[in-house]
4 protein chains.
Amino acid sequence: MSSIIGNNIRLSVFGESHSDAIGCVIDGLPAGTRLDFEKIEKEMGRRAPGKDRTSTPRKEDDIPRIISGVLNGTTTGAPLAVIIENNNTKSGDYANIMKVPRPSHSDYPAYVKFGGNNDVRGGGHFSARLTAPIVFAGAVAKQILGEKGIFVGAHIKKIGSVCDEQFDFNNISSELLSSLTSKSFSVIDESTEAKMREEIEKYRLEGNSVGGEIECAVIGIPVGVGGNIFDTVEGRISSFVFGVPAVKGIQFGLGFDFASQNGKAVNDEYEIKDKKVCLVSNNNGGVLGGMTNGAPIVFSVAMKPTPSIALPQRSVNLETMENEELVIKGRHDPCVAVRAVSVIEAAAALAILDLIS
Amino acid sequence: MSSIIGNNIRLSVFGESHSDAIGCVIDGLPAGTRLDFEKIEKEMGRRAPGKDRTSTPRKEDDIPRIISGVLNGTTTGAPLAVIIENNNTKSGDYANIMKVPRPSHSDYPAYVKFGGNNDVRGGGHFSARLTAPIVFAGAVAKQILGEKGIFVGAHIKKIGSVCDEQFDFNNISSELLSSLTSKSFSVIDESTEAKMREEIEKYRLEGNSVGGEIECAVIGIPVGVGGNIFDTVEGRISSFVFGVPAVKGIQFGLGFDFASQNGKAVNDEYEIKDKKVCLVSNNNGGVLGGMTNGAPIVFSVAMKPTPSIALPQRSVNLETMENEELVIKGRHDPCVAVRAVSVIEAAAALAILDLIS
Amino acid sequence: MSSIIGNNIRLSVFGESHSDAIGCVIDGLPAGTRLDFEKIEKEMGRRAPGKDRTSTPRKEDDIPRIISGVLNGTTTGAPLAVIIENNNTKSGDYANIMKVPRPSHSDYPAYVKFGGNNDVRGGGHFSARLTAPIVFAGAVAKQILGEKGIFVGAHIKKIGSVCDEQFDFNNISSELLSSLTSKSFSVIDESTEAKMREEIEKYRLEGNSVGGEIECAVIGIPVGVGGNIFDTVEGRISSFVFGVPAVKGIQFGLGFDFASQNGKAVNDEYEIKDKKVCLVSNNNGGVLGGMTNGAPIVFSVAMKPTPSIALPQRSVNLETMENEELVIKGRHDPCVAVRAVSVIEAAAALAILDLIS
Amino acid sequence: MSSIIGNNIRLSVFGESHSDAIGCVIDGLPAGTRLDFEKIEKEMGRRAPGKDRTSTPRKEDDIPRIISGVLNGTTTGAPLAVIIENNNTKSGDYANIMKVPRPSHSDYPAYVKFGGNNDVRGGGHFSARLTAPIVFAGAVAKQILGEKGIFVGAHIKKIGSVCDEQFDFNNISSELLSSLTSKSFSVIDESTEAKMREEIEKYRLEGNSVGGEIECAVIGIPVGVGGNIFDTVEGRISSFVFGVPAVKGIQFGLGFDFASQNGKAVNDEYEIKDKKVCLVSNNNGGVLGGMTNGAPIVFSVAMKPTPSIALPQRSVNLETMENEELVIKGRHDPCVAVRAVSVIEAAAALAILDLIS
């Protein structure tokens with residue numbers, strides 16, 4: 001039962017949707033890294049809600065307050081602690097979910113686990129709001145990785161029935177990644193954005209929600225990171241990524257498409273190019289035997305539709321133990337995949353930084 | 001870089017395909033559990049190679065020798081250590097892969113990572129042979145779970161183009177799981193076996209290999225196990241599962257199918273049945289907010305085709321740095337998914353035991 | 001390089017002496033524990049500086065602000081985060097130690113470790129001020145332990161040449177411990193206080209400092225906590241205790257006196273009393289084979305004299321690499337042992353809570 | 001409840017005094033280190049019993065069998081696993097201690113902890129025999145450290161009333177350490193050996209035992225290793241050292257003598273020598289703020305008298321719950337401090353290797 005992750009760079013995330021504040025501590029950062037706070041706030045802006053109709057109208061300034069670990073803009077080597085105040089909380093909205101768990105949400109298992117003592121307002125500690133400090137930490141991690149020539153970027157691969165172009169696994173430029181990380185609606189083929197927004201709006205209007213898939217890449221990472229058996233790059237990235245609410249699956253390279261493939265067709269052969277060992281293809285998404293092989297790490301994650309929908313749903317009253325129809329009020333994203341792009345990038349950056357530290 | 005996993009029950013796996021022996025240490029087991037060694041050896045028999053044409057003809061007796069931690073058939077509370085001798089090693093077969101890495105295998109990243117000092121024979125520490133001690137440990141875990149009414153079972157969901165019936169997510173009986181774990185070729189619909197064998201044989205005859213998907217379920221687990229943010233049931237199972245060679249993806253419940261779904265259609269509503277809180281559906285595969293919700297945990301993993309194929313492949317010589325065609329000799333499974341069923345079960349059982357301990 | 005500790009209850013401490021604030025996150029606390037904040041602030045008052053001449057005149061209100069993890073006075077099961085603002089910082093005082101390390105202080109190794117990027121003001125992250133959040137966390141731990149009948153208390157065993165009465169190892173009452181934890185100058189024999197204050201004042205007046213020894217006891221802990229080889233009660237308590245600045249040694253029971261003893265004289269024999277297994281003596285300080293044996297855990301720690309003294313000292317300038325006399329300004333305790341009593345209790349409480357959770 | 005330790009280099013120790021074998025797994029070792037097995041066996045010979053009257057007459061060949069992780073004498077980067085067979089076990093000797101716990105031994109807490117399922121023969125998993133694999137692992141660690149110019153050595157500082165010369169804290173040569181590690185009875189002043197043997201023999205003849213103190217030094221370690229708050233060099237060494245049976249205290253530098261000292265007298269001032277920062281004294285034993293300061297790490301540990309003595313002792317029968325006199329048969333060391341020297345060195349080497357890896 002932990003909100004701490006990492007072996008070398010350890011991230012401790014705290015807060016609840018309606019507590020005083022949320023925040024995180026990043027322990028083990030190298031001293032002497034100059035941080036670009038403008039860039040960090042831009043990253044946080046990508047995740048922040050309230051910008052348009054794809055997200056919840058709850059507006060938060062999300063200005064991180066650095067508590068310690070930074071002096072004159074440079075890391076000191078002490079744990080970097082940050083808090084983000086919770087200003088715009090409407091606790092009244094959640095009165096009726098206190099005892100009637102929202103379907104597909106953490107409410108019911110949390111109620112049992114914590115004996116009803118957990119803060120249910122806004123999902124409490126399980127709220128997607130807790131991804132704000134993760135994005136902060138990820139932005140710090142990205143800057144440290146960037147100094148080593150390692151870049152991370154992601155895009156919305158799919159929303160409902162609308163698909164973006166995919167990464168060319170074996171040929172991903174830092175320019176492409178940089179362009180993706182500068183967008184608030186990250187897609188490779190910009191013509192996709194309008195179609196995706198339309199798809200989301202369709203579900204929003206009917207009080208419904210829609211799922212999506214996010215594809216993420218890491219380039220510039222050296223060969224041989226990760227492994228042995230239980231320290232696989234895949235396992236470590238997964239541990240971070242499943243900490244992001246609504247993620248229900250992860251696959252590397254061809255992933256589930258491997259199941260219907262044959263070895264001859266999908267094996268990643270080698271060739272010498274410019275006196276270097278190169279891969280002819282990158283179906284394995286940059287990881288072999290749990291270790292990086294020098295090709296881009298490419299993985300995608302499945303995100304379920306936001307469980308909080310406006311339509312009435314069947315639920316139960318945990319006190320009276322009787323069936324009860326539930327109508328969720330409050331403010332919610334019709335599609336979490338849009339804002340989750342920066343969170344998935346953050347999770348990947350943190351996992352990679354932890355692996356190479 | 002670690003072959004140890006777990007927080008409360010820690011598993012340390014050691015050995016190389018052609019070292020003296022392989023084995024594991026299970027640290028943290030409760031004292032006083034009576035172990036049924038006949039059952040454990042049966043489990044190991046499901047994984048053991050050399051039984052038929054779906055697997056490598058390398059035969060290993062795979063008789064585990066208990067070094068410590070068991071007295072008169074009962075756990076003592078000291079670490080349970082076991083070794084399995086490596087008898088049937090044909091090291092000569094691997095001479096030509098010393099410097100020419102096999103495509104899609106760990107050879108190249110391992111060569112870089114370990115500076116050429118790793119034991120490449122048979123894949124060394126990255127060999128699928130290392131799953132034998134994992135199955136041993138999993139069999140022990142299953143017995144401890146069984147005493148608590150928790151059961152684990154898996155089946156081959158798919159090989160190439162042939163699919164088995166799927167689990168009915170919200171209705172999985174211990175009888176079904178028990179029947180699956182007693183088979184060496186685990187499928188729900190027994191008529192699938194012949195078709196799958198045919199599919200594998202087709203690829204084997206052409207010196208090729210084929211991928212697959214394995215579906216696994218855990219029933220009887222209490223509500224509220226797992227969580228908070230970074231201790232999700234999904235993340236913990238993933239960490240174990242990606243330690244199994246050839247796994248390239250994992251999804252819970254609907255997994256990647258969530259991406260094209262809407263909330264109304266896939267939310268798992270609640271109802272009272274027999275005065276208990278029940279789920280109307282189980283699209284989330286038994287996990288909400290990273291915690292168990294009382295429904296069966298259901299996940300599936302993608303397995304890539306065995307990378308070692310008999311067909312000639314493009315590779316490079318790491319010493320001369322020139323391109324070199326590679327023809328792999330040695331003995332290999334045309335489809336790893338068959339034998340991996342018991343390994344995935346073991347990984348799930350170990351993850352769950354760790355979570356509830 | 002970590003400021004996080006614990007396996008089941010994990011404590012992450014952050015902050016620097018002159019950063020915005022200091023604080024901690026306690027991860028893994030059980031939900032539903034009612035916390036008595038008045039009691040917690042009293043504990044913090046025992047550690048807080050500025051009360052009299054035994055401590056530094058720096059005054060801090062040390063009012064903890066709960067960020068999350070508590071709702072209506074009760075733990076929610078989410079990480080409990082707290083910050084304490086740094087109000088009364090006089091950064092100017094430290095100008096001359098930037099490049100001239102204070103003898104016996106962390107300055108020099110920290111300078112090398114962090115390449116000069118660490119915040120040296122007030123000792124930065126290595127300041128004894130960071131024990132404030134440890135005392136907060138320890139006070140929380142004590143309340144949870146108290147509910148289970150486990151009590152912790154410590155006293156100043158020795159300052160310079162003045163000794164307090166020692167614990168009767170095999171007979172320590174909760175009343176005694178409770179009385180010790182309610183004092184700001186904790187001694188068993190109250191007549192010792194005046195003598196100890198005199199000893200400290202003697203050193204203070206000459207611009208010097210003096211060392212001490214603190215003895216701590218834990219009662220009510222069940223038999224069999226701790227172990228096996230590397231999870232010893234002694235090792236776990238030591239890991240926490242050496243996190244307290246100025247601690248240079250720890251011993252359990254007779255400790256170093258064992259070296260000149262014989263087995264017959266010091267073995268702790270057993271006897272049946274009131275139909276229970278009891279120890280005739282408790283020379284082992286409640287721990288055998290790394291496990292608790294039911295007798296009080298008793299340990300003592302050696303604390304060196306405050307390294308910051310007003311007398312001139314030989315040091316070096318790390319920039320010019322020349323010898324330089326150093327005169328330390330700023331405000332410092334002439335004897336850290338007085339205020340450290342509550343910190344040692346906190347460390348013990350946290351270690352024990354972690355072990356039994 | 002764990003027999004695994006370490007963050008970067010993880011040591012898993014398994015076995016029981018009378019199980020099939022004992023052994024360990026060292027996980028995370030760098031690949032490519034050439035190991036000198038003759039030297040390793042010499043180290044193990046220093047610990048091995050049966051050489052003379054200072055130790056138990058139980059003779060064990062203690063030949064380590066490498067299971068994996070070494071190829072042609074060089075580490076492969078895979079976990080290094082080793083087992084040592086238990087040949088010379090006389091289980092009959094322990095019949096009467098099954099239900100009558102030996103005073104000051106692990107028997108009673110282990111009985112409660114494991115519900116009577118633990119293997120009590122020879123102390124089971126708590127036997128000092130388990131230090132054999134620790135010495136093996138320590139010998140490997142020493143070789144890796146030696147390649148980096150880091151050397152470890154220890155000596156018997158005291159047995160009963162007989163003291164050896166102490167280390168000159170600020171001036172310890174590799175020659176001295178090398179000479180200590182080549183002795184089976186390690187003392188600095190060789191004239192002490194005869195007196196110590198006499199002291200031990202005196203207690204042996206009366207069926208009694210005697211305690212001791214071991215002093216250990218590590219030289220050549222760079223500045224800035226260890227820290228922050230909870231990753232102190234002192235805490236990490238303590239965690240390993242308290243895993244050695246009979247250790248009851250540890251102190252760094254002046255340790256408990258600090259309590260009666262003043263800052264002016266014991267502060268370690270700096271001076272420039274040969275253009276380098278040097279310490280004028282080393283009263284802190286090479287550690288400041290939890291970090292190394294470049295001076296030798298010096299610590300000493302207190303070892304209690306062997307609890308197993310031949311004299312009759314008061315105990316209880318855990319089945320009948322009545323008092324019962326106990327006479328311990330079997331073979332035991334009259335003073336554990338002699339053989340423990342190599343074990344303390346091993347613990348220090350492993351802790352240091354873990355810290356710098």
# chains A, B, ... in the order shown; residues from 1 in each chain; ligands from 1

call {"tool": "select_by_dssp", "arguments": {"residues": "region 190-326 of chain B", "states": "strand (DSSP E)", "output": "PyMOL selection string"}}
result
chain B and resi 212-219+247-252+270-273+276-279+287-288+291-292+297-303+313-317+322-326

call {"tool": "residues_around", "arguments": {"residues": "Gly69 (chain B)", "least_positions_apart": "5", "cutoff": "6 Å", "atoms": "only C-alpha atoms", "output": "list in words"}}
result
Thr75, Thr76, Ala78, Pro79 and Leu80 of chain B

call {"tool": "write_last_selection", "arguments": {"atoms": "N, CA, C and O atoms", "output": "compact mmCIF listing (two decimals), in the first residue's frame"}}
result
# COMPACT_ATOMS: atom_id res chain seq x y z
N THR B 75 7.13 -25.92 5.84
CA THR B 75 8.04 -24.77 5.81
C THR B 75 8.45 -24.40 7.23
O THR B 75 7.66 -24.45 8.17
N THR B 76 9.73 -24.01 7.36
CA THR B 76 10.28 -23.69 8.68
C THR B 76 10.26 -22.20 8.98
O THR B 76 10.54 -21.79 10.10
N ALA B 78 12.41 -20.26 7.52
CA ALA B 78 13.69 -19.83 6.95
C ALA B 78 13.53 -19.78 5.44
O ALA B 78 12.62 -20.39 4.88
N PRO B 79 14.40 -19.04 4.74
CA PRO B 79 14.28 -18.98 3.29
C PRO B 79 14.26 -20.38 2.67
O PRO B 79 15.05 -21.23 3.05
N LEU B 80 13.33 -20.58 1.75
CA LEU B 80 13.24 -21.86 1.06
C LEU B 80 14.14 -21.78 -0.18
O LEU B 80 13.86 -21.03 -1.11

call {"tool": "residues_around", "arguments": {"residues": "region 141-143 of chain B", "least_positions_apart": "6", "cutoff": "8 Å", "atoms": "only C-alpha atoms", "output": "list in words"}}
result
Leu35, Asp36, Phe151, Val152, Ala346, Ala349, Leu350 and Leu353 of chain B

call {"tool": "residues_around", "arguments": {"residues": "Phe240 (chain C)", "least_positions_apart": "6", "cutoff": "10 Å", "atoms": "only C-alpha atoms", "output": "MDAnalysis selection string"}}
result
(chainID C and resid 5:6 134 344 346:351) or (chainID D and resid 229:232 235)

call {"tool": "write_last_selection", "arguments": {"atoms": "C-alpha atoms", "output": "PDB file, in the first residue's frame"}}
result
ATOM      1  CA  ILE C   5      13.248   4.817   5.272  1.00  0.00           C
ATOM      2  CA  GLY C   6      11.018   1.918   6.199  1.00  0.00           C
ATOM      3  CA  ILE C 134      10.960  13.049  12.420  1.00  0.00           C
ATOM      4  CA  ILE C 344      15.555   9.067  19.559  1.00  0.00           C
ATOM      5  CA  ALA C 346      10.674   8.996  17.483  1.00  0.00           C
ATOM      6  CA  ALA C 347      13.262   6.913  15.651  1.00  0.00           C
ATOM      7  CA  ALA C 348      12.545   3.949  17.913  1.00  0.00           C
ATOM      8  CA  ALA C 349       8.790   4.332  17.541  1.00  0.00           C
ATOM      9  CA  LEU C 350       9.014   4.519  13.760  1.00  0.00           C
ATOM     10  CA  ALA C 351      11.317   1.499  13.556  1.00  0.00           C
TER      11      ALA C 351
ATOM     12  CA  ILE D 229      19.382  11.315   6.283  1.00  0.00           C
ATOM     13  CA  PHE D 230      18.550   7.628   6.195  1.00  0.00           C
ATOM     14  CA  ASP D 231      21.309   6.261   4.005  1.00  0.00           C
ATOM     15  CA  THR D 232      24.109   6.918   6.455  1.00  0.00           C
ATOM     16  CA  GLY D 235      23.214   2.883   9.462  1.00  0.00           C
TER      17      GLY D 235
END

call {"tool": "residues_around", "arguments": {"residues": "region 334-336 of chain D", "least_positions_apart": "4", "cutoff": "8 Å", "atoms": "only C-alpha atoms", "output": "ChimeraX atom specification"}}
result
/D:54-56,200-201,203-204,208-212,246,303,305-306,309,340

call {"tool": "closest_atom_pairs", "arguments": {"of": "chain A", "to": "chain C", "cutoff": "7 Å", "atoms": "only C-alpha atoms", "output": "CSV"}}
result
residue,atom,partner,partner_atom,distance
A:Met1,CA,C:Gly28,CA,5.8
A:Ser2,CA,C:Gly28,CA,5.9
A:Ser3,CA,C:Asp27,CA,6.8
A:Phe14,CA,C:Pro79,CA,5.5
A:Gly15,CA,C:Ser68,CA,4.9
A:Glu16,CA,C:Ser68,CA,6.3
A:Ser19,CA,C:Ser68,CA,5.3
A:Asp20,CA,C:Ile67,CA,5.2
A:Ala21,CA,C:Ile67,CA,5.5
A:Asp27,CA,C:Ser2,CA,6.2
A:Gly28,CA,C:Met1,CA,5.8
A:Ala31,CA,C:Phe114,CA,5.4
A:Gly32,CA,C:Asn117,CA,5.4
A:Ile67,CA,C:Asp20,CA,5.2
A:Ser68,CA,C:Gly15,CA,4.9
A:Gly69,CA,C:Gly15,CA,6.8
A:Leu71,CA,C:Asp119,CA,6.8
A:Thr76,CA,C:Asn118,CA,4.2
A:Gly77,CA,C:Asn118,CA,6.1
A:Ala78,CA,C:His125,CA,6.0
A:Pro79,CA,C:Phe14,CA,5.5
A:Ala81,CA,C:Phe14,CA,6.5
A:Phe114,CA,C:Ala31,CA,5.4
A:Asn117,CA,C:Thr76,CA,5.1
A:Asn118,CA,C:Thr76,CA,4.2
A:Asp119,CA,C:Thr76,CA,6.1
A:His125,CA,C:Ala78,CA,6.0

call {"tool": "write_last_selection", "arguments": {"atoms": "N, CA, C and O atoms", "output": "CSV table (one decimal), in the first residue's frame"}}
result
chain,number,residue,atom,x,y,z
A,1,MET,N,0.8,-1.2,0.0
A,1,MET,CA,0.0,0.0,0.0
A,1,MET,C,0.9,1.2,0.0
A,1,MET,O,1.2,1.8,1.1
A,2,SER,N,1.3,1.6,-1.2
A,2,SER,CA,2.3,2.6,-1.2
A,2,SER,C,2.2,3.6,-2.3
A,2,SER,O,1.7,3.3,-3.4
A,3,SER,N,2.5,4.9,-2.1
A,3,SER,CA,2.5,5.9,-3.1
A,3,SER,C,3.9,6.3,-3.4
A,3,SER,O,4.1,7.5,-3.8
A,14,PHE,N,1.8,12.6,-2.7
A,14,PHE,CA,0.8,12.7,-1.6
A,14,PHE,C,-0.3,13.6,-1.9
A,14,PHE,O,-0.2,14.4,-2.9
A,15,GLY,N,-1.4,13.6,-1.2
A,15,GLY,CA,-2.5,14.5,-1.4
A,15,GLY,C,-3.8,13.8,-1.7
A,15,GLY,O,-3.8,12.6,-2.0
A,16,GLU,N,-4.9,14.5,-1.6
A,16,GLU,CA,-6.2,14.0,-1.9
A,16,GLU,C,-6.9,15.1,-2.7
A,16,GLU,O,-6.5,16.3,-2.6
A,19,SER,N,-8.0,17.7,-0.3
A,19,SER,CA,-7.2,18.0,0.9
A,19,SER,C,-6.6,19.4,0.7
A,19,SER,O,-6.8,20.0,-0.3
A,20,ASP,N,-5.8,19.9,1.7
A,20,ASP,CA,-5.2,21.2,1.6
A,20,ASP,C,-4.4,21.4,0.3
A,20,ASP,O,-4.5,22.4,-0.3
A,21,ALA,N,-3.6,20.4,0.0
A,21,ALA,CA,-2.8,20.5,-1.1
A,21,ALA,C,-2.4,19.1,-1.6
A,21,ALA,O,-2.8,18.2,-0.9
A,27,ASP,N,13.3,12.1,-4.4
A,27,ASP,CA,14.5,11.8,-3.6
A,27,ASP,C,15.6,11.1,-4.4
A,27,ASP,O,15.3,10.2,-5.2
A,28,GLY,N,16.8,11.6,-4.3
A,28,GLY,CA,17.9,11.0,-5.0
A,28,GLY,C,18.3,11.7,-6.3
A,28,GLY,O,19.2,11.2,-7.0
A,31,ALA,N,22.7,16.5,-7.7
A,31,ALA,CA,22.8,18.0,-7.4
A,31,ALA,C,23.4,18.7,-8.6
A,31,ALA,O,24.0,18.1,-9.5
A,32,GLY,N,23.1,20.0,-8.7
A,32,GLY,CA,23.7,20.8,-9.8
A,32,GLY,C,23.0,20.8,-11.1
A,32,GLY,O,23.5,21.3,-12.1
A,67,ILE,N,9.3,23.6,-2.1
A,67,ILE,CA,9.5,23.6,-0.7
A,67,ILE,C,11.0,23.5,-0.3
A,67,ILE,O,11.5,24.2,0.6
A,68,SER,N,11.7,22.7,-1.1
A,68,SER,CA,13.1,22.5,-0.8
A,68,SER,C,13.7,21.7,-1.9
A,68,SER,O,13.1,21.1,-2.8
A,69,GLY,N,15.1,21.6,-1.9
A,69,GLY,CA,15.8,20.8,-2.9
A,69,GLY,C,16.3,21.7,-4.1
A,69,GLY,O,17.0,21.1,-4.9
A,71,LEU,N,18.0,25.5,-5.0
A,71,LEU,CA,18.6,26.8,-4.6
A,71,LEU,C,19.1,27.6,-5.8
A,71,LEU,O,19.8,27.0,-6.6
A,76,THR,N,19.9,20.9,-5.3
A,76,THR,CA,20.9,20.9,-4.3
A,76,THR,C,21.3,19.5,-3.9
A,76,THR,O,22.3,19.3,-3.1
A,77,GLY,N,20.6,18.5,-4.3
A,77,GLY,CA,21.0,17.1,-3.9
A,77,GLY,C,20.1,16.6,-2.8
A,77,GLY,O,20.0,15.5,-2.5
A,78,ALA,N,19.4,17.6,-2.1
A,78,ALA,CA,18.4,17.2,-1.1
A,78,ALA,C,17.1,16.9,-1.8
A,78,ALA,O,16.9,17.3,-2.9
A,79,PRO,N,16.2,16.1,-1.1
A,79,PRO,CA,15.0,15.8,-1.8
A,79,PRO,C,14.3,17.1,-2.3
A,79,PRO,O,14.2,18.1,-1.6
A,81,ALA,N,11.0,18.8,-2.8
A,81,ALA,CA,9.6,18.7,-2.4
A,81,ALA,C,8.8,19.8,-3.0
A,81,ALA,O,9.3,21.0,-3.1
A,114,PHE,N,-10.2,0.9,3.4
A,114,PHE,CA,-9.9,1.9,4.5
A,114,PHE,C,-11.0,2.0,5.5
A,114,PHE,O,-11.1,2.9,6.3
A,117,ASN,N,-12.8,5.3,6.1
A,117,ASN,CA,-12.1,6.4,6.6
A,117,ASN,C,-11.5,7.3,5.5
A,117,ASN,O,-11.0,8.3,5.8
A,118,ASN,N,-11.4,6.7,4.3
A,118,ASN,CA,-10.7,7.5,3.2
A,118,ASN,C,-11.6,8.7,2.8
A,118,ASN,O,-12.8,8.7,3.0
A,119,ASP,N,-10.9,9.7,2.3
A,119,ASP,CA,-11.5,10.9,1.8
A,119,ASP,C,-12.1,10.6,0.4
A,119,ASP,O,-11.4,10.5,-0.5
A,125,HIS,N,-7.5,10.2,-2.6
A,125,HIS,CA,-6.1,9.9,-3.0
A,125,HIS,C,-6.0,9.2,-4.4
A,125,HIS,O,-5.0,9.1,-5.0

call {"tool": "select_by_dssp", "arguments": {"residues": "region 150-214 of chain D", "states": "helix (DSSP H, G or I)", "output": "list in words"}}
result
Ser174, Glu175, Leu176, Leu177, Ser178, Ser179, Leu180, Thr181, Ser191, Thr192, Glu193, Ala194, Lys195, Met196, Arg197, Glu198, Glu199, Ile200, Glu201, Lys202, Tyr203, Arg204 and Leu205 of chain D

call {"tool": "write_last_selection", "arguments": {"atoms": "N, CA, C and O atoms", "output": "compact mmCIF listing (two decimals), in the first residue's frame"}}
result
# COMPACT_ATOMS: atom_id res chain seq x y z
N SER D 174 47.49 -0.15 4.31
CA SER D 174 46.96 -1.36 3.67
C SER D 174 47.80 -2.56 4.10
O SER D 174 47.30 -3.69 4.16
N GLU D 175 49.07 -2.33 4.43
CA GLU D 175 49.92 -3.44 4.87
C GLU D 175 49.38 -4.02 6.18
O GLU D 175 49.29 -5.24 6.35
N LEU D 176 49.03 -3.12 7.10
CA LEU D 176 48.49 -3.59 8.38
C LEU D 176 47.21 -4.40 8.14
O LEU D 176 47.06 -5.52 8.66
N LEU D 177 46.31 -3.86 7.32
CA LEU D 177 45.04 -4.56 7.09
C LEU D 177 45.29 -5.90 6.41
O LEU D 177 44.70 -6.92 6.76
N SER D 178 46.20 -5.91 5.46
CA SER D 178 46.52 -7.14 4.75
C SER D 178 47.10 -8.18 5.71
O SER D 178 46.79 -9.37 5.63
N SER D 179 47.93 -7.72 6.64
CA SER D 179 48.51 -8.67 7.59
C SER D 179 47.42 -9.23 8.49
O SER D 179 47.38 -10.42 8.80
N LEU D 180 46.47 -8.37 8.90
CA LEU D 180 45.37 -8.84 9.77
C LEU D 180 44.50 -9.87 9.06
O LEU D 180 44.10 -10.88 9.66
N THR D 181 44.23 -9.61 7.78
CA THR D 181 43.33 -10.53 7.08
C THR D 181 44.00 -11.85 6.71
O THR D 181 43.33 -12.78 6.27
N SER D 191 51.81 -10.20 20.57
CA SER D 191 52.01 -10.76 21.91
C SER D 191 50.68 -10.93 22.63
O SER D 191 50.58 -11.61 23.65
N THR D 192 49.65 -10.29 22.11
CA THR D 192 48.32 -10.40 22.74
C THR D 192 47.71 -11.78 22.54
O THR D 192 46.90 -12.23 23.35
N GLU D 193 48.06 -12.42 21.44
CA GLU D 193 47.40 -13.68 21.09
C GLU D 193 47.45 -14.70 22.23
O GLU D 193 46.41 -15.25 22.62
N ALA D 194 48.63 -14.91 22.76
CA ALA D 194 48.78 -15.92 23.81
C ALA D 194 47.90 -15.57 25.01
O ALA D 194 47.21 -16.44 25.57
N LYS D 195 47.88 -14.29 25.37
CA LYS D 195 47.07 -13.88 26.54
C LYS D 195 45.58 -14.08 26.28
O LYS D 195 44.83 -14.50 27.16
N MET D 196 45.18 -13.77 25.07
CA MET D 196 43.76 -13.95 24.76
C MET D 196 43.39 -15.43 24.76
O MET D 196 42.35 -15.83 25.25
N ARG D 197 44.25 -16.25 24.18
CA ARG D 197 43.98 -17.70 24.17
C ARG D 197 43.87 -18.24 25.59
O ARG D 197 43.02 -19.09 25.88
N GLU D 198 44.71 -17.72 26.45
CA GLU D 198 44.69 -18.14 27.85
C GLU D 198 43.35 -17.75 28.49
O GLU D 198 42.74 -18.55 29.20
N GLU D 199 42.93 -16.53 28.21
CA GLU D 199 41.65 -16.04 28.74
C GLU D 199 40.50 -16.95 28.28
O GLU D 199 39.65 -17.35 29.08
N ILE D 200 40.50 -17.26 27.00
CA ILE D 200 39.44 -18.12 26.46
C ILE D 200 39.50 -19.50 27.11
O ILE D 200 38.47 -20.05 27.52
N GLU D 201 40.71 -20.05 27.21
CA GLU D 201 40.87 -21.41 27.75
C GLU D 201 40.36 -21.48 29.19
O GLU D 201 39.74 -22.46 29.59
N LYS D 202 40.60 -20.39 29.91
CA LYS D 202 40.13 -20.33 31.30
C LYS D 202 38.60 -20.53 31.35
O LYS D 202 38.09 -21.34 32.13
N TYR D 203 37.90 -19.82 30.50
CA TYR D 203 36.44 -19.93 30.50
C TYR D 203 35.99 -21.27 29.92
O TYR D 203 35.02 -21.86 30.38
N ARG D 204 36.71 -21.77 28.91
CA ARG D 204 36.35 -23.05 28.30
C ARG D 204 36.41 -24.17 29.33
O ARG D 204 35.51 -25.02 29.43
N LEU D 205 37.48 -24.15 30.13
CA LEU D 205 37.67 -25.22 31.09
C LEU D 205 36.56 -25.26 32.13
O LEU D 205 36.19 -26.32 32.63
